[in-house]
>>> print(open('input02.cif').read())   # mmCIF, C-alpha atoms
data_input
loop_
_atom_site.group_PDB
_atom_site.id
_atom_site.type_symbol
_atom_site.label_atom_id
_atom_site.label_comp_id
_atom_site.auth_asym_id
_atom_site.auth_seq_id
_atom_site.Cartn_x
_atom_site.Cartn_y
_atom_site.Cartn_z
ATOM 1 C CA MET M 1 -7.813 5.403 0.995
ATOM 2 C CA LEU M 2 -11.542 5.219 1.618
ATOM 3 C CA ILE M 3 -11.643 2.954 -1.446
ATOM 4 C CA VAL M 4 -9.448 0.556 0.567
ATOM 5 C CA LEU M 5 -12.028 0.565 3.353
ATOM 6 C CA GLY M 6 -14.761 -0.119 0.783
ATOM 7 C CA VAL M 7 -12.798 -3.003 -0.759
ATOM 8 C CA LEU M 8 -12.132 -4.375 2.742
ATOM 9 C CA THR M 9 -15.836 -4.202 3.640
ATOM 10 C CA ALA M 10 -16.798 -5.928 0.370
ATOM 11 C CA GLY M 11 -14.229 -8.626 1.175
ATOM 12 C CA ILE M 12 -15.629 -9.137 4.686
ATOM 13 C CA PHE M 13 -19.148 -9.500 3.257
ATOM 14 C CA ILE M 14 -18.068 -12.001 0.603
ATOM 15 C CA GLY M 15 -15.970 -13.891 3.184
ATOM 16 C CA TRP M 16 -19.033 -14.048 5.435
ATOM 17 C CA LEU M 17 -21.065 -15.517 2.559
ATOM 18 C CA LEU M 18 -18.300 -18.085 1.968
ATOM 19 C CA ARG M 19 -17.822 -18.892 5.665
ATOM 20 C CA GLN M 20 -18.979 -22.516 5.281
ATOM 21 C CA LYS M 21 -16.310 -23.254 2.648
ATOM 22 C CA SER M 22 -13.495 -23.681 5.154
ATOM 23 C CA ALA M 23 -11.226 -25.422 2.611
ATOM 24 C CA LEU M 24 -10.974 -22.034 0.903
ATOM 25 C CA GLU M 25 -9.497 -20.370 3.999
ATOM 26 C CA LYS M 26 -6.083 -21.963 3.451
ATOM 27 C CA TRP M 27 -5.911 -20.578 -0.102
ATOM 28 C CA ILE M 28 -6.992 -17.125 1.027
ATOM 29 C CA ASN M 29 -4.107 -17.128 3.516
ATOM 30 C CA TYR M 30 -1.647 -18.222 0.817
ATOM 31 C CA GLY M 31 -3.025 -15.458 -1.416
ATOM 32 C CA ILE M 32 -2.561 -12.835 1.311
ATOM 33 C CA LEU M 33 0.997 -14.014 1.932
ATOM 34 C CA GLY M 34 1.773 -13.925 -1.811
ATOM 35 C CA PHE M 35 0.432 -10.366 -2.094
ATOM 36 C CA ILE M 36 2.478 -9.296 0.941
ATOM 37 C CA PHE M 37 5.679 -10.779 -0.559
ATOM 38 C CA LEU M 38 4.984 -9.068 -3.881
ATOM 39 C CA LEU M 39 4.122 -5.698 -2.356
ATOM 40 C CA LEU M 40 7.129 -5.631 -0.027
ATOM 41 C CA PHE M 41 9.395 -6.579 -2.929
ATOM 42 C CA VAL M 42 7.909 -3.660 -4.888
ATOM 43 C CA LEU M 43 8.314 -1.361 -1.850
ATOM 44 C CA GLY M 44 11.950 -2.505 -1.698
ATOM 45 C CA LEU M 45 12.421 -1.760 -5.416
ATOM 46 C CA GLU M 46 11.017 1.736 -4.918
ATOM 47 C CA VAL M 47 13.217 2.316 -1.873
ATOM 48 C CA GLY M 48 16.332 0.897 -3.570
ATOM 49 C CA SER M 49 15.957 2.886 -6.793
ATOM 50 C CA ASN M 50 15.514 6.120 -4.815
ATOM 51 C CA GLU M 51 19.021 7.355 -3.938
ATOM 52 C CA LYS M 52 17.693 9.895 -1.469
ATOM 53 C CA ILE M 53 16.116 7.139 0.642
ATOM 54 C CA VAL M 54 19.066 4.726 0.358
ATOM 55 C CA SER M 55 21.472 7.386 1.596
ATOM 56 C CA GLY M 56 19.024 8.349 4.347
ATOM 57 C CA LEU M 57 18.223 4.794 5.433
ATOM 58 C CA GLY M 58 20.179 5.254 8.665
ATOM 59 C CA GLN M 59 18.203 8.346 9.574
ATOM 60 C CA LEU M 60 14.895 6.677 8.653
ATOM 61 C CA GLY M 61 15.937 3.820 10.925
ATOM 62 C CA TRP M 62 16.493 6.209 13.824
ATOM 63 C CA ILE M 63 13.101 7.854 13.392
ATOM 64 C CA ALA M 64 11.506 4.395 13.184
ATOM 65 C CA ALA M 65 13.308 3.223 16.331
ATOM 66 C CA LEU M 66 12.220 6.350 18.257
ATOM 67 C CA ILE M 67 8.540 5.955 17.295
ATOM 68 C CA SER M 68 8.660 2.244 18.020
ATOM 69 C CA PHE M 69 10.327 2.641 21.395
ATOM 70 C CA SER M 70 8.085 5.506 22.470
ATOM 71 C CA ALA M 71 4.883 3.672 21.391
ATOM 72 C CA ILE M 72 6.003 0.562 23.287
ATOM 73 C CA PHE M 73 7.030 2.584 26.350
ATOM 74 C CA PHE M 74 3.680 4.344 26.765
ATOM 75 C CA SER M 75 1.705 1.158 25.991
ATOM 76 C CA VAL M 76 3.705 -0.763 28.593
ATOM 77 C CA LEU M 77 3.365 2.024 31.175
ATOM 78 C CA LEU M 78 -0.423 2.070 30.757
ATOM 79 C CA SER M 79 -0.556 -1.729 30.863
ATOM 80 C CA TRP M 80 1.186 -1.673 34.236
ATOM 81 C CA LEU M 81 -1.672 0.457 35.605
ATOM 82 C CA ILE M 82 -4.348 -1.770 34.018
ATOM 83 C CA TYR M 83 -2.541 -4.846 35.337
ATOM 84 C CA ARG M 84 -2.457 -3.541 38.908
ATOM 85 C CA LEU M 85 -6.077 -2.386 38.822
ATOM 86 C CA PHE M 86 -7.852 -5.213 36.996
ATOM 87 C CA PHE M 87 -5.676 -8.280 36.480
ATOM 88 C CA LYS M 88 -3.159 -8.919 39.239
ATOM 89 C CA ASN M 89 -4.559 -11.545 41.669
ATOM 90 C CA LYS M 90 -7.952 -11.184 39.964
ATOM 91 C CA LEU M 91 -7.633 -13.402 36.933
ATOM 92 C CA MET Q 1 9.360 -16.468 12.445
ATOM 93 C CA LYS Q 2 10.139 -18.167 9.117
ATOM 94 C CA ILE Q 3 7.452 -16.078 7.443
ATOM 95 C CA SER Q 4 8.774 -12.862 9.050
ATOM 96 C CA LEU Q 5 12.241 -13.639 7.696
ATOM 97 C CA SER Q 6 10.861 -14.337 4.197
ATOM 98 C CA ILE Q 7 8.994 -11.021 4.229
ATOM 99 C CA ILE Q 8 12.177 -9.146 5.169
ATOM 100 C CA ALA Q 9 14.106 -11.110 2.518
ATOM 101 C CA PHE Q 10 11.683 -9.936 -0.197
ATOM 102 C CA PHE Q 11 12.007 -6.323 0.975
ATOM 103 C CA VAL Q 12 15.822 -6.489 1.105
ATOM 104 C CA ALA Q 13 15.966 -8.209 -2.308
ATOM 105 C CA GLY Q 14 13.853 -5.355 -3.676
ATOM 106 C CA ILE Q 15 16.230 -2.744 -2.215
ATOM 107 C CA LEU Q 16 19.314 -4.536 -3.590
ATOM 108 C CA ILE Q 17 17.854 -4.957 -7.083
ATOM 109 C CA GLY Q 18 16.456 -1.414 -7.052
ATOM 110 C CA SER Q 19 19.765 0.139 -5.962
ATOM 111 C CA ARG Q 20 21.639 -1.549 -8.854
ATOM 112 C CA GLY Q 21 19.927 0.937 -11.134
ATOM 113 C CA TRP Q 22 18.680 -1.806 -13.450
ATOM 114 C CA ILE Q 23 15.281 -0.203 -13.354
ATOM 115 C CA PRO Q 24 15.741 3.561 -13.832
ATOM 116 C CA ASN Q 25 13.252 5.822 -12.041
ATOM 117 C CA PHE Q 26 11.175 2.905 -10.921
ATOM 118 C CA SER Q 27 7.784 4.055 -9.767
ATOM 119 C CA THR Q 28 4.770 1.875 -9.295
ATOM 120 C CA SER Q 29 2.496 4.257 -7.439
ATOM 121 C CA GLY Q 30 -0.294 3.460 -9.915
ATOM 122 C CA LEU Q 31 0.264 -0.268 -9.946
ATOM 123 C CA SER Q 32 0.818 -0.694 -6.215
ATOM 124 C CA ALA Q 33 -2.527 0.954 -5.471
ATOM 125 C CA TYR Q 34 -4.348 -1.735 -7.457
ATOM 126 C CA VAL Q 35 -2.295 -4.543 -5.945
ATOM 127 C CA LEU Q 36 -3.098 -3.044 -2.532
ATOM 128 C CA TYR Q 37 -6.833 -3.221 -3.334
ATOM 129 C CA GLY Q 38 -6.350 -6.910 -4.180
ATOM 130 C CA LEU Q 39 -4.581 -7.514 -0.867
ATOM 131 C CA MET Q 40 -7.209 -5.629 1.135
ATOM 132 C CA PHE Q 41 -9.975 -7.603 -0.552
ATOM 133 C CA LEU Q 42 -8.344 -10.903 0.430
ATOM 134 C CA VAL Q 43 -7.682 -9.635 3.983
ATOM 135 C CA GLY Q 44 -11.408 -8.813 4.158
ATOM 136 C CA VAL Q 45 -12.458 -12.243 2.874
ATOM 137 C CA GLY Q 46 -10.178 -13.819 5.493
ATOM 138 C CA MET Q 47 -11.787 -11.648 8.224
ATOM 139 C CA GLY Q 48 -15.313 -12.531 7.063
ATOM 140 C CA MET Q 49 -14.618 -16.266 6.938
ATOM 141 C CA ASP Q 50 -12.876 -16.323 10.314
ATOM 142 C CA LYS Q 51 -15.426 -17.760 12.758
ATOM 143 C CA LYS Q 52 -12.922 -18.306 15.586
ATOM 144 C CA SER Q 53 -11.888 -14.648 16.019
ATOM 145 C CA PHE Q 54 -15.435 -13.367 16.202
ATOM 146 C CA SER Q 55 -16.699 -15.983 18.653
ATOM 147 C CA LEU Q 56 -13.627 -15.258 20.806
ATOM 148 C CA LEU Q 57 -14.522 -11.557 20.793
ATOM 149 C CA ILE Q 58 -18.146 -12.189 21.763
ATOM 150 C CA LYS Q 59 -17.314 -14.531 24.648
ATOM 151 C CA SER Q 60 -14.700 -12.328 26.358
ATOM 152 C CA SER Q 61 -15.194 -10.222 29.454
ATOM 153 C CA TRP Q 62 -15.052 -6.428 29.069
ATOM 154 C CA LYS Q 63 -11.826 -6.255 31.085
ATOM 155 C CA VAL Q 64 -9.891 -8.065 28.397
ATOM 156 C CA PHE Q 65 -10.697 -5.349 25.843
ATOM 157 C CA LEU Q 66 -8.754 -2.881 28.020
ATOM 158 C CA VAL Q 67 -5.581 -4.609 26.784
ATOM 159 C CA PRO Q 68 -5.861 -3.705 23.052
ATOM 160 C CA LEU Q 69 -7.262 -0.301 24.095
ATOM 161 C CA THR Q 70 -4.051 0.221 26.085
ATOM 162 C CA VAL Q 71 -2.024 -0.510 22.950
ATOM 163 C CA ILE Q 72 -4.061 1.980 20.897
ATOM 164 C CA VAL Q 73 -3.881 4.799 23.472
ATOM 165 C CA GLY Q 74 -0.250 4.100 24.406
ATOM 166 C CA SER Q 75 0.919 3.979 20.788
ATOM 167 C CA LEU Q 76 -0.939 7.199 20.005
ATOM 168 C CA ILE Q 77 0.630 9.032 22.964
ATOM 169 C CA GLY Q 78 4.052 7.534 22.181
ATOM 170 C CA SER Q 79 3.948 8.621 18.529
ATOM 171 C CA VAL Q 80 2.859 12.157 19.411
ATOM 172 C CA VAL Q 81 5.568 12.511 22.073
ATOM 173 C CA VAL Q 82 8.297 11.659 19.511
ATOM 174 C CA VAL Q 83 7.203 14.537 17.254
ATOM 175 C CA ALA Q 84 7.724 16.930 20.159
ATOM 176 C CA PHE Q 85 11.433 16.002 20.097
ATOM 177 C CA ILE Q 86 12.238 15.567 16.405
ATOM 178 C CA SER Q 87 11.214 17.803 13.524
ATOM 179 C CA GLN Q 88 11.655 15.333 10.640
ATOM 180 C CA ILE Q 89 8.145 13.914 10.822
ATOM 181 C CA SER Q 90 4.633 15.378 11.118
ATOM 182 C CA TYR Q 91 2.110 14.433 13.807
ATOM 183 C CA LEU Q 92 -0.197 12.700 11.319
ATOM 184 C CA ASN Q 93 2.644 10.682 9.774
ATOM 185 C CA ALA Q 94 4.006 9.633 13.171
ATOM 186 C CA ILE Q 95 0.523 8.558 14.326
ATOM 187 C CA SER Q 96 0.022 6.590 11.082
ATOM 188 C CA VAL Q 97 3.302 4.734 11.717
ATOM 189 C CA GLY Q 98 2.409 4.105 15.376
ATOM 190 C CA ALA Q 99 -1.056 2.826 14.401
ATOM 191 C CA GLY Q 100 0.551 -0.154 12.663
ATOM 192 C CA PHE Q 101 0.668 -1.722 16.179
ATOM 193 C CA GLY Q 102 3.411 -4.091 14.964
ATOM 194 C CA TYR Q 103 1.513 -5.303 11.873
ATOM 195 C CA TYR Q 104 4.441 -4.224 9.693
ATOM 196 C CA SER Q 105 3.589 -5.946 6.424
ATOM 197 C CA LEU Q 106 0.159 -4.414 6.007
ATOM 198 C CA SER Q 107 0.852 -0.988 7.576
ATOM 199 C CA SER Q 108 4.038 -0.386 5.567
ATOM 200 C CA ILE Q 109 2.304 -1.325 2.320
ATOM 201 C CA MET Q 110 -0.707 0.913 2.987
ATOM 202 C CA ILE Q 111 1.399 3.853 4.209
ATOM 203 C CA GLY Q 112 3.938 3.415 1.387
ATOM 204 C CA ALA Q 113 1.226 3.448 -1.276
ATOM 205 C CA VAL Q 114 -0.350 6.673 0.019
ATOM 206 C CA ARG Q 115 2.371 8.712 1.757
ATOM 207 C CA GLY Q 116 5.366 7.536 -0.271
ATOM 208 C CA GLU Q 117 8.084 4.949 0.122
ATOM 209 C CA GLU Q 118 10.067 7.017 2.654
ATOM 210 C CA LEU Q 119 7.303 6.833 5.264
ATOM 211 C CA GLY Q 120 6.521 3.269 4.142
ATOM 212 C CA THR Q 121 10.091 2.311 5.076
ATOM 213 C CA ILE Q 122 9.801 4.026 8.467
ATOM 214 C CA ALA Q 123 6.518 2.145 9.057
ATOM 215 C CA LEU Q 124 8.122 -1.172 8.113
ATOM 216 C CA LEU Q 125 11.120 -0.665 10.405
ATOM 217 C CA ALA Q 126 9.181 0.815 13.356
ATOM 218 C CA ASN Q 127 6.609 -1.972 13.374
ATOM 219 C CA LEU Q 128 9.225 -4.654 12.807
ATOM 220 C CA PHE Q 129 11.229 -3.300 15.775
ATOM 221 C CA ARG Q 130 8.083 -3.757 17.853
ATOM 222 C CA GLU Q 131 8.112 -7.496 17.182
ATOM 223 C CA ILE Q 132 11.878 -7.904 17.657
ATOM 224 C CA PHE Q 133 11.858 -5.823 20.854
ATOM 225 C CA THR Q 134 9.078 -7.973 22.321
ATOM 226 C CA LEU Q 135 10.782 -11.247 21.379
ATOM 227 C CA LEU Q 136 14.038 -10.130 22.977
ATOM 228 C CA LEU Q 137 12.792 -8.299 26.060
ATOM 229 C CA ALA Q 138 9.621 -10.158 27.116
ATOM 230 C CA PRO Q 139 11.142 -11.376 30.436
ATOM 231 C CA VAL Q 140 12.396 -7.889 31.324
ATOM 232 C CA LEU Q 141 8.974 -6.408 30.513
ATOM 233 C CA VAL Q 142 7.180 -8.906 32.763
ATOM 234 C CA TRP Q 143 9.658 -8.267 35.570
ATOM 235 C CA GLY Q 144 9.371 -4.476 35.353
ATOM 236 C CA PHE Q 145 5.767 -3.828 34.323
ATOM 237 C CA GLY Q 146 3.690 -6.938 34.965
ATOM 238 C CA LYS Q 147 2.316 -9.767 32.905
ATOM 239 C CA LEU Q 148 0.375 -7.646 30.419
ATOM 240 C CA ALA Q 149 3.508 -5.734 29.365
ATOM 241 C CA PRO Q 150 4.816 -8.115 26.662
ATOM 242 C CA ILE Q 151 1.260 -8.465 25.281
ATOM 243 C CA VAL Q 152 0.878 -4.712 24.731
ATOM 244 C CA SER Q 153 4.475 -4.425 23.558
ATOM 245 C CA GLY Q 154 3.819 -7.045 20.885
ATOM 246 C CA GLY Q 155 0.652 -5.256 19.747
ATOM 247 C CA ALA Q 156 -0.937 -7.035 16.779
ATOM 248 C CA THR Q 157 1.806 -9.695 16.817
ATOM 249 C CA SER Q 158 0.700 -11.011 20.231
ATOM 250 C CA MET Q 159 -1.689 -13.425 18.466
ATOM 251 C CA ASP Q 160 1.005 -15.248 16.477
ATOM 252 C CA THR Q 161 4.733 -14.453 16.260
ATOM 253 C CA THR Q 162 5.262 -13.197 19.811
ATOM 254 C CA LEU Q 163 2.659 -15.523 21.412
ATOM 255 C CA PRO Q 164 5.169 -18.258 22.363
ATOM 256 C CA VAL Q 165 7.423 -15.905 24.365
ATOM 257 C CA ILE Q 166 4.417 -14.195 25.962
ATOM 258 C CA THR Q 167 2.931 -17.528 27.046
ATOM 259 C CA HIS Q 168 6.317 -18.585 28.373
ATOM 260 C CA PHE Q 169 7.030 -15.488 30.473
ATOM 261 C CA SER Q 170 3.522 -14.267 31.439
ATOM 262 C CA GLY Q 171 2.062 -17.741 31.933
ATOM 263 C CA LYS Q 172 -0.479 -19.903 30.112
ATOM 264 C CA GLU Q 173 -3.390 -18.074 31.726
ATOM 265 C CA TYR Q 174 -2.424 -15.019 29.672
ATOM 266 C CA ALA Q 175 -2.394 -16.846 26.313
ATOM 267 C CA ALA Q 176 -6.101 -16.244 25.612
ATOM 268 C CA ILE Q 177 -5.788 -12.532 26.488
ATOM 269 C CA SER Q 178 -2.747 -12.301 24.243
ATOM 270 C CA ILE Q 179 -4.562 -13.918 21.307
ATOM 271 C CA LEU Q 180 -7.630 -11.718 21.805
ATOM 272 C CA SER Q 181 -5.639 -8.491 22.038
ATOM 273 C CA GLY Q 182 -3.613 -9.365 18.938
ATOM 274 C CA THR Q 183 -6.760 -10.353 17.057
ATOM 275 C CA VAL Q 184 -8.602 -7.125 17.892
ATOM 276 C CA LEU Q 185 -5.581 -5.039 16.825
ATOM 277 C CA THR Q 186 -5.026 -7.060 13.640
ATOM 278 C CA LEU Q 187 -8.659 -6.495 12.661
ATOM 279 C CA LEU Q 188 -8.393 -2.769 13.492
ATOM 280 C CA VAL Q 189 -5.125 -1.947 11.668
ATOM 281 C CA PRO Q 190 -6.606 -1.898 8.103
ATOM 282 C CA ILE Q 191 -9.583 0.149 9.319
ATOM 283 C CA ILE Q 192 -7.640 2.683 11.424
ATOM 284 C CA GLU Q 193 -4.899 3.070 8.776
ATOM 285 C CA SER Q 194 -7.358 3.713 5.953
ATOM 286 C CA LEU Q 195 -9.075 6.365 8.049
ATOM 287 C CA LEU Q 196 -5.748 8.015 9.019
ATOM 288 C CA LEU Q 197 -4.484 7.886 5.429
ATOM 289 C CA ALA Q 198 -7.700 9.506 4.185
ATOM 290 C CA LEU Q 199 -6.928 12.609 6.294
#
>>> encode(input="input02.cif", output="structure tokens")
Amino acid sequence: MLIVLGVLTAGIFIGWLLRQKSALEKWINYGILGFIFLLLFVLGLEVGSNEKIVSGLGQLGWIAALISFSAIFFSVLLSWLIYRLFFKNKL
Amino acid sequence: MKISLSIIAFFVAGILIGSRGWIPNFSTSGLSAYVLYGLMFLVGVGMGMDKKSFSLLIKSSWKVFLVPLTVIVGSLIGSVVVVAFISQISYLNAISVGAGFGYYSLSSIMIGAVRGEELGTIALLANLFREIFTLLLAPVLVWGFGKLAPIVSGGATSMDTTLPVITHFSGKEYAAISILSGTVLTLLVPIIESLLLAL
């Protein structure tokens, strides 16, 4: 996965070099969206062709919901503290 | 929202086609790694070309950066707490899922390519729930926990898909904070995930 970080860094550098060519930005965004569609379709194919995952999709959903809810809950709880201390009536 | 629906449609279409058994023992672990590199490269180019995000980050007061920090710390604590109650997932895997901060397309792809499609699916669902939850419950969050609550609930999505509801219920003066927090998290997801997945 460190390769990914390297590729990302190379991309940032090349993007920085190309920063004046703003017409390109639209195409980059289309490209990203196309890659995301393709990769999620492939992820779906892998999930669908794996019987173990299809039959366990309900359980995976429960684990996902628990992590999601718990991450939101603690983020929101902390934000309440930050809000009271630094933002409320001070913005 | 239209884009979110299209993304889900592609994933569901993949599941349906895959479960028909037309493609026996489909595995693309080799291929998807290379496609992932292509995606990450383009994400990087987009980050490098993006002048608006960086000037927004430079101009903001330090206080505003507490908001994305809250999301990072809160999501980390939340993910760890879940593992204390269920045995089906390891601490590292739960943290990797939580560190998607709602950026479900990228986090599920990265996690799926490295840790397998099972965890990739959990990452997709968990981070998608984050967006749906925020869209549905933004007014309740503001009422119960203050005006920053829907921003941190939305995580990385607070810069685009959940921004309209946040602006509506927290007020226009919170729009800039929402965009900044979402931007910081969106920039951090590929970096944090690649570090976590290298462990």
>>> resolve_selection(input="input02.cif", expression="the PyMOL selection byres ((chain M) within 7 of (chain Q))", output="PDB file with C-alpha atoms, in the coordinates of the input")
ATOM      1  CA  MET M   1      -7.813   5.403   0.995  1.00  0.00           C
ATOM      2  CA  LEU M   2     -11.542   5.219   1.618  1.00  0.00           C
ATOM      3  CA  VAL M   4      -9.448   0.556   0.567  1.00  0.00           C
ATOM      4  CA  LEU M   5     -12.028   0.565   3.353  1.00  0.00           C
ATOM      5  CA  VAL M   7     -12.798  -3.003  -0.759  1.00  0.00           C
ATOM      6  CA  LEU M   8     -12.132  -4.375   2.742  1.00  0.00           C
ATOM      7  CA  THR M   9     -15.836  -4.202   3.640  1.00  0.00           C
ATOM      8  CA  GLY M  11     -14.229  -8.626   1.175  1.00  0.00           C
ATOM      9  CA  ILE M  12     -15.629  -9.137   4.686  1.00  0.00           C
ATOM     10  CA  PHE M  13     -19.148  -9.500   3.257  1.00  0.00           C
ATOM     11  CA  ILE M  14     -18.068 -12.001   0.603  1.00  0.00           C
ATOM     12  CA  GLY M  15     -15.970 -13.891   3.184  1.00  0.00           C
ATOM     13  CA  TRP M  16     -19.033 -14.048   5.435  1.00  0.00           C
ATOM     14  CA  LEU M  18     -18.300 -18.085   1.968  1.00  0.00           C
ATOM     15  CA  ARG M  19     -17.822 -18.892   5.665  1.00  0.00           C
ATOM     16  CA  GLU M  25      -9.497 -20.370   3.999  1.00  0.00           C
ATOM     17  CA  ILE M  28      -6.992 -17.125   1.027  1.00  0.00           C
ATOM     18  CA  ILE M  32      -2.561 -12.835   1.311  1.00  0.00           C
ATOM     19  CA  PHE M  35       0.432 -10.366  -2.094  1.00  0.00           C
ATOM     20  CA  ILE M  36       2.478  -9.296   0.941  1.00  0.00           C
ATOM     21  CA  PHE M  37       5.679 -10.779  -0.559  1.00  0.00           C
ATOM     22  CA  LEU M  39       4.122  -5.698  -2.356  1.00  0.00           C
ATOM     23  CA  LEU M  40       7.129  -5.631  -0.027  1.00  0.00           C
ATOM     24  CA  PHE M  41       9.395  -6.579  -2.929  1.00  0.00           C
ATOM     25  CA  VAL M  42       7.909  -3.660  -4.888  1.00  0.00           C
ATOM     26  CA  LEU M  43       8.314  -1.361  -1.850  1.00  0.00           C
ATOM     27  CA  GLY M  44      11.950  -2.505  -1.698  1.00  0.00           C
ATOM     28  CA  LEU M  45      12.421  -1.760  -5.416  1.00  0.00           C
ATOM     29  CA  GLU M  46      11.017   1.736  -4.918  1.00  0.00           C
ATOM     30  CA  VAL M  47      13.217   2.316  -1.873  1.00  0.00           C
ATOM     31  CA  GLY M  48      16.332   0.897  -3.570  1.00  0.00           C
ATOM     32  CA  SER M  49      15.957   2.886  -6.793  1.00  0.00           C
ATOM     33  CA  ILE M  53      16.116   7.139   0.642  1.00  0.00           C
ATOM     34  CA  LEU M  60      14.895   6.677   8.653  1.00  0.00           C
ATOM     35  CA  GLY M  61      15.937   3.820  10.925  1.00  0.00           C
ATOM     36  CA  ALA M  64      11.506   4.395  13.184  1.00  0.00           C
ATOM     37  CA  ALA M  65      13.308   3.223  16.331  1.00  0.00           C
ATOM     38  CA  LEU M  66      12.220   6.350  18.257  1.00  0.00           C
ATOM     39  CA  ILE M  67       8.540   5.955  17.295  1.00  0.00           C
ATOM     40  CA  SER M  68       8.660   2.244  18.020  1.00  0.00           C
ATOM     41  CA  SER M  70       8.085   5.506  22.470  1.00  0.00           C
ATOM     42  CA  ALA M  71       4.883   3.672  21.391  1.00  0.00           C
ATOM     43  CA  ILE M  72       6.003   0.562  23.287  1.00  0.00           C
ATOM     44  CA  PHE M  74       3.680   4.344  26.765  1.00  0.00           C
ATOM     45  CA  SER M  75       1.705   1.158  25.991  1.00  0.00           C
ATOM     46  CA  VAL M  76       3.705  -0.763  28.593  1.00  0.00           C
ATOM     47  CA  LEU M  78      -0.423   2.070  30.757  1.00  0.00           C
ATOM     48  CA  SER M  79      -0.556  -1.729  30.863  1.00  0.00           C
ATOM     49  CA  TRP M  80       1.186  -1.673  34.236  1.00  0.00           C
ATOM     50  CA  TYR M  83      -2.541  -4.846  35.337  1.00  0.00           C
TER      51      TYR M  83
END
>>> resolve_selection(input="input02.cif", expression="the PyMOL selection byres ((chain Q and resi 180) around 12)", output="PyMOL selection string")
chain Q and resi 52-69+151-152+155-160+163+174-179+181-187
>>> atom_distance(input="input02.cif", atom1="atom CA of M:Ala10", atom2="atom CA of Q:Arg115")
24.2 Å
>>> axis_aligned_box(input="input02.cif", around="stretch 49-63 of chain M", padding_each_side="8 Å", output="AutoDock Vina command-line options")
--center_x 17.3 --center_y 6.4 --center_z 3.5 --size_x 24.4 --size_y 23.0 --size_z 36.6
>>> atom_distance(input="input02.cif", atom1="atom CA of M:Lys88", atom2="atom CA of Q:Trp143")
13.3 Å
>>> atom_distance(input="input02.cif", atom1="atom CA of M:Leu33", atom2="atom CA of Q:Val189")
16.7 Å
>>> decode(input="input02.cif", residues="stretch 124-143 of chain Q", atoms="C-alpha atoms", output="compact mmCIF listing (two decimals), in the first residue's frame")
# COMPACT_ATOMS: atom_id res chain seq x y z
CA LEU Q 124 -18.58 0.55 1.55
CA LEU Q 125 -21.68 0.03 3.69
CA ALA Q 126 -20.31 1.67 6.87
CA ASN Q 127 -19.16 4.79 5.05
CA LEU Q 128 -22.31 4.96 2.95
CA PHE Q 129 -24.42 4.76 6.13
CA ARG Q 130 -22.49 7.78 7.38
CA GLU Q 131 -23.76 9.87 4.47
CA ILE Q 132 -27.34 8.55 4.64
CA PHE Q 133 -27.49 8.99 8.43
CA THR Q 134 -26.34 12.61 8.13
CA LEU Q 135 -28.81 13.41 5.34
CA LEU Q 136 -31.70 11.97 7.35
CA LEU Q 137 -30.83 13.11 10.86
CA ALA Q 138 -29.11 16.49 10.43
CA PRO Q 139 -31.91 18.43 12.22
CA VAL Q 140 -31.92 16.00 15.16
CA LEU Q 141 -28.12 16.24 15.42
CA VAL Q 142 -28.21 20.05 15.52
CA TRP Q 143 -30.97 19.99 18.13
